[in-house]
Structures are given as C-alpha cells and as structure tokens.
Amino acid sequence: MIDTGIGIAPEHLAQVFERFWRASAARSYHSGGSGLGLVIAMTIAQNHGGEITLTSQLGIGSCFTVHLPLS
Ligand SMILES: Nc1ncnc2c1ncn2[C@@H]1O[C@H](COP(=O)(O)OP(=O)(O)OP(=O)(O)O)[C@@H](O)[C@H]1O
Ligand SMILES: [Mg+2]
C-alpha cells in the first residue's frame, strides 16, 4: 500500500512496528491512534509465515508491502 503522507524518518522505520509507538505529536500524521495497527498487521503476516516491509521518504510518502508465502 502506497500513500503520499508525511513519510517516516529512517530512524523510525523499525519503531512504527512496535506496540504503542507513535511519532511525536508535532509530526503525528493524525491524532487518536493507539499505536497498535501496524504491530497487529505485522503479527498477522508473521503468523502466516510472511512479513511486512516498509520504505518511506519524509514529506513524500510511505510504501507498506505485505509478503505472504504461496504455500
Ligand atoms: N502511513 C504512515 N505514514 C506516516 N507515519 C505513519 C504511517 N503509519 C504509521 N505511522 C506512524 O507510526 C505510528 C504507529 O502506527 P500504527 O498504525 O501502529 O498506530 P496508529 O496509527 O497510531 O494507531 P492505530 O492503532 O489506530 O493504527 C503512527 O502513530 C505514526 O506516527
Ligand atoms: Mg494506524
């Protein structure tokens, strides 16, 4: 999934998959999130033998890719 949002800093690419982690309020792309969405998505992917990878550029956008094995 690709977005054209605020992007994620390189040093935060791993942290977005930690439970309850959210970017600082000043740079948060929205308010009211719990910081659980991505860790839940990653856990589901891993439980099926897959993973989610992420590339992002600040101010340009982010690309989340879900990898799942065929068998
Ligand atoms: N597409 C994105 N673009 C920029 N930052 C993002 C994006 N997705 C997540 N983040 C950052 O990573 C943090 C964690 O994301 P995550 O989806 O796990 O939780 P959330 O969106 O805060 O809450 P929710 O549990 O409702 O999904 C977000 O708070 C935000 O700072
Ligand atoms: Mg979310």
# chains A, B, ... in the order shown; residues from 1 in each chain; ligands from 1
$ residues_around --residues "Thr65 of chain A" --least-positions-apart "6" --cutoff "7 Å" --atoms "only C-alpha atoms" --output "list in words"
Met1, Ile52, Thr53 and Leu54 of chain A
$ residues_near_ligand --ligand "ligand 2" --cutoff "9 Å" --atoms "only C-alpha atoms and all ligand atoms" --output "NGL selection string"
:A and (33-38)
$ residues_near_ligand --ligand "ligand 1" --cutoff "9 Å" --atoms "only C-alpha atoms and all ligand atoms" --output "PyMOL selection string"
chain A and resi 1-9+12-13+15-25+27-41+56+58+61-64
$ residues_around --residues "His48 of chain A" --least-positions-apart "4" --cutoff "9 Å" --atoms "only C-alpha atoms" --output "list in words"
Thr43, Ile44, Leu68 and Pro69 of chain A
$ write_last_selection --atoms "C-alpha atoms" --output "PDB file, in the first residue's frame"
ATOM      1  CA  THR A  43       1.812 -10.157  13.764  1.00  0.00           C
ATOM      2  CA  ILE A  44      -0.910 -11.467  11.453  1.00  0.00           C
ATOM      3  CA  LEU A  68       2.888 -13.910   2.190  1.00  0.00           C
ATOM      4  CA  PRO A  69       4.126 -17.349   1.098  1.00  0.00           C
TER       5      PRO A  69
END
$ select_by_dssp --residues "chain A" --states "helix (DSSP H, G or I)" --output "list in words"
Pro10, Glu11, His12, Gln15, Val16, Phe17, Ala25, Ala26, Arg27, Gly37, Leu38, Val39, Ile40, Ala41, Met42, Thr43, Ile44, Ala45, Gln46 and Asn47 of chain A
$ decode --residues "segment 3-46 of chain A" --atoms "N, CA and C atoms" --output "JSON list (two decimals), in the first residue's frame"
[["chain", "number", "residue", "atom", "x", "y", "z"],
["A", 3, "ASP", "N", 1.16, 5.49, 0.19],
["A", 3, "ASP", "CA", 0.48, 6.75, 0.47],
["A", 3, "ASP", "C", 1.38, 7.91, 0.12],
["A", 4, "THR", "N", 0.76, 9.09, 0.09],
["A", 4, "THR", "CA", 1.52, 10.31, -0.17],
["A", 4, "THR", "C", 1.44, 11.21, 1.07],
["A", 5, "GLY", "N", 1.63, 10.58, 2.24],
["A", 5, "GLY", "CA", 1.51, 11.28, 3.51],
["A", 5, "GLY", "C", 2.81, 11.95, 3.93],
["A", 6, "ILE", "N", 2.97, 12.10, 5.25],
["A", 6, "ILE", "CA", 4.11, 12.86, 5.77],
["A", 6, "ILE", "C", 5.40, 12.08, 5.72],
["A", 7, "GLY", "N", 5.30, 10.77, 5.52],
["A", 7, "GLY", "CA", 6.51, 9.95, 5.50],
["A", 7, "GLY", "C", 7.00, 9.61, 6.90],
["A", 8, "ILE", "N", 7.99, 8.72, 6.96],
["A", 8, "ILE", "CA", 8.53, 8.22, 8.22],
["A", 8, "ILE", "C", 10.05, 8.37, 8.15],
["A", 9, "ALA", "N", 10.64, 8.93, 9.19],
["A", 9, "ALA", "CA", 12.08, 9.13, 9.21],
["A", 9, "ALA", "C", 12.81, 7.79, 9.21],
["A", 10, "PRO", "N", 13.98, 7.71, 8.60],
["A", 10, "PRO", "CA", 14.71, 6.43, 8.52],
["A", 10, "PRO", "C", 14.90, 5.78, 9.89],
["A", 11, "GLU", "N", 15.19, 6.59, 10.92],
["A", 11, "GLU", "CA", 15.44, 6.02, 12.25],
["A", 11, "GLU", "C", 14.16, 5.51, 12.91],
["A", 12, "HIS", "N", 13.00, 5.79, 12.30],
["A", 12, "HIS", "CA", 11.73, 5.34, 12.88],
["A", 12, "HIS", "C", 11.10, 4.17, 12.13],
["A", 13, "LEU", "N", 11.75, 3.73, 11.05],
["A", 13, "LEU", "CA", 11.14, 2.69, 10.22],
["A", 13, "LEU", "C", 10.86, 1.42, 11.00],
["A", 14, "ALA", "N", 11.75, 1.03, 11.92],
["A", 14, "ALA", "CA", 11.52, -0.18, 12.71],
["A", 14, "ALA", "C", 10.54, 0.10, 13.85],
["A", 15, "GLN", "N", 10.62, 1.31, 14.40],
["A", 15, "GLN", "CA", 9.80, 1.62, 15.58],
["A", 15, "GLN", "C", 8.31, 1.64, 15.28],
["A", 16, "VAL", "N", 7.91, 1.96, 14.04],
["A", 16, "VAL", "CA", 6.47, 2.02, 13.77],
["A", 16, "VAL", "C", 5.80, 0.66, 13.97],
["A", 17, "PHE", "N", 6.60, -0.42, 13.98],
["A", 17, "PHE", "CA", 6.04, -1.75, 14.19],
["A", 17, "PHE", "C", 6.07, -2.17, 15.66],
["A", 18, "GLU", "N", 6.51, -1.27, 16.55],
["A", 18, "GLU", "CA", 6.49, -1.58, 17.99],
["A", 18, "GLU", "C", 5.13, -1.17, 18.57],
["A", 19, "ARG", "N", 4.62, -1.98, 19.50],
["A", 19, "ARG", "CA", 3.31, -1.67, 20.05],
["A", 19, "ARG", "C", 3.36, -0.35, 20.82],
["A", 20, "PHE", "N", 2.34, 0.43, 20.66],
["A", 20, "PHE", "CA", 2.09, 1.70, 21.33],
["A", 20, "PHE", "C", 3.03, 2.83, 20.87],
["A", 21, "TRP", "N", 3.96, 2.54, 19.93],
["A", 21, "TRP", "CA", 4.83, 3.63, 19.48],
["A", 21, "TRP", "C", 4.07, 4.52, 18.50],
["A", 22, "ARG", "N", 4.18, 5.83, 18.70],
["A", 22, "ARG", "CA", 3.62, 6.81, 17.77],
["A", 22, "ARG", "C", 4.63, 7.92, 17.61],
["A", 23, "ALA", "N", 4.71, 8.50, 16.41],
["A", 23, "ALA", "CA", 5.62, 9.61, 16.20],
["A", 23, "ALA", "C", 5.23, 10.77, 17.12],
["A", 24, "SER", "N", 6.18, 11.63, 17.40],
["A", 24, "SER", "CA", 5.92, 12.76, 18.30],
["A", 24, "SER", "C", 4.72, 13.55, 17.80],
["A", 25, "ALA", "N", 4.00, 14.15, 18.76],
["A", 25, "ALA", "CA", 2.74, 14.83, 18.43],
["A", 25, "ALA", "C", 2.94, 15.87, 17.33],
["A", 26, "ALA", "N", 4.06, 16.53, 17.34],
["A", 26, "ALA", "CA", 4.29, 17.60, 16.37],
["A", 26, "ALA", "C", 4.31, 17.06, 14.95],
["A", 27, "ARG", "N", 4.72, 15.80, 14.79],
["A", 27, "ARG", "CA", 4.84, 15.25, 13.44],
["A", 27, "ARG", "C", 3.82, 14.15, 13.18],
["A", 28, "SER", "N", 2.94, 13.93, 14.17],
["A", 28, "SER", "CA", 1.99, 12.84, 14.00],
["A", 28, "SER", "C", 1.06, 13.11, 12.83],
["A", 29, "TYR", "N", 0.82, 12.04, 12.01],
["A", 29, "TYR", "CA", 0.02, 12.25, 10.82],
["A", 29, "TYR", "C", -1.46, 12.30, 11.13],
["A", 30, "HIS", "N", -1.86, 11.91, 12.31],
["A", 30, "HIS", "CA", -3.25, 12.09, 12.75],
["A", 30, "HIS", "C", -3.25, 11.93, 14.26],
["A", 31, "SER", "N", -4.36, 12.30, 14.86],
["A", 31, "SER", "CA", -4.46, 12.13, 16.31],
["A", 31, "SER", "C", -5.47, 11.03, 16.62],
["A", 32, "GLY", "N", -5.33, 10.43, 17.78],
["A", 32, "GLY", "CA", -6.31, 9.45, 18.22],
["A", 32, "GLY", "C", -5.92, 8.02, 17.97],
["A", 33, "GLY", "N", -4.80, 7.79, 17.30],
["A", 33, "GLY", "CA", -4.37, 6.41, 17.08],
["A", 33, "GLY", "C", -3.87, 5.79, 18.37],
["A", 34, "SER", "N", -3.90, 4.46, 18.42],
["A", 34, "SER", "CA", -3.46, 3.76, 19.62],
["A", 34, "SER", "C", -2.02, 3.27, 19.50],
["A", 35, "GLY", "N", -1.46, 3.32, 18.30],
["A", 35, "GLY", "CA", -0.12, 2.78, 18.12],
["A", 35, "GLY", "C", -0.10, 1.27, 18.03],
["A", 36, "LEU", "N", -1.25, 0.66, 17.69],
["A", 36, "LEU", "CA", -1.33, -0.81, 17.62],
["A", 36, "LEU", "C", -1.55, -1.35, 16.21],
["A", 37, "GLY", "N", -2.01, -0.51, 15.30],
["A", 37, "GLY", "CA", -2.41, -1.00, 13.98],
["A", 37, "GLY", "C", -1.32, -1.78, 13.26],
["A", 38, "LEU", "N", -0.12, -1.21, 13.21],
["A", 38, "LEU", "CA", 0.93, -1.87, 12.43],
["A", 38, "LEU", "C", 1.48, -3.12, 13.11],
["A", 39, "VAL", "N", 1.57, -3.10, 14.45],
["A", 39, "VAL", "CA", 2.10, -4.30, 15.12],
["A", 39, "VAL", "C", 1.10, -5.45, 14.98],
["A", 40, "ILE", "N", -0.19, -5.14, 14.97],
["A", 40, "ILE", "CA", -1.20, -6.18, 14.76],
["A", 40, "ILE", "C", -1.09, -6.72, 13.33],
["A", 41, "ALA", "N", -0.96, -5.83, 12.36],
["A", 41, "ALA", "CA", -0.84, -6.27, 10.97],
["A", 41, "ALA", "C", 0.41, -7.12, 10.77],
["A", 42, "MET", "N", 1.54, -6.67, 11.36],
["A", 42, "MET", "CA", 2.78, -7.44, 11.25],
["A", 42, "MET", "C", 2.63, -8.81, 11.90],
["A", 43, "THR", "N", 1.99, -8.88, 13.07],
["A", 43, "THR", "CA", 1.81, -10.16, 13.76],
["A", 43, "THR", "C", 0.97, -11.12, 12.93],
["A", 44, "ILE", "N", -0.07, -10.61, 12.32],
["A", 44, "ILE", "CA", -0.91, -11.47, 11.45],
["A", 44, "ILE", "C", -0.08, -11.99, 10.28],
["A", 45, "ALA", "N", 0.67, -11.10, 9.63],
["A", 45, "ALA", "CA", 1.50, -11.53, 8.50],
["A", 45, "ALA", "C", 2.50, -12.59, 8.94],
["A", 46, "GLN", "N", 3.17, -12.37, 10.10],
["A", 46, "GLN", "CA", 4.18, -13.33, 10.58],
["A", 46, "GLN", "C", 3.54, -14.66, 10.96]]
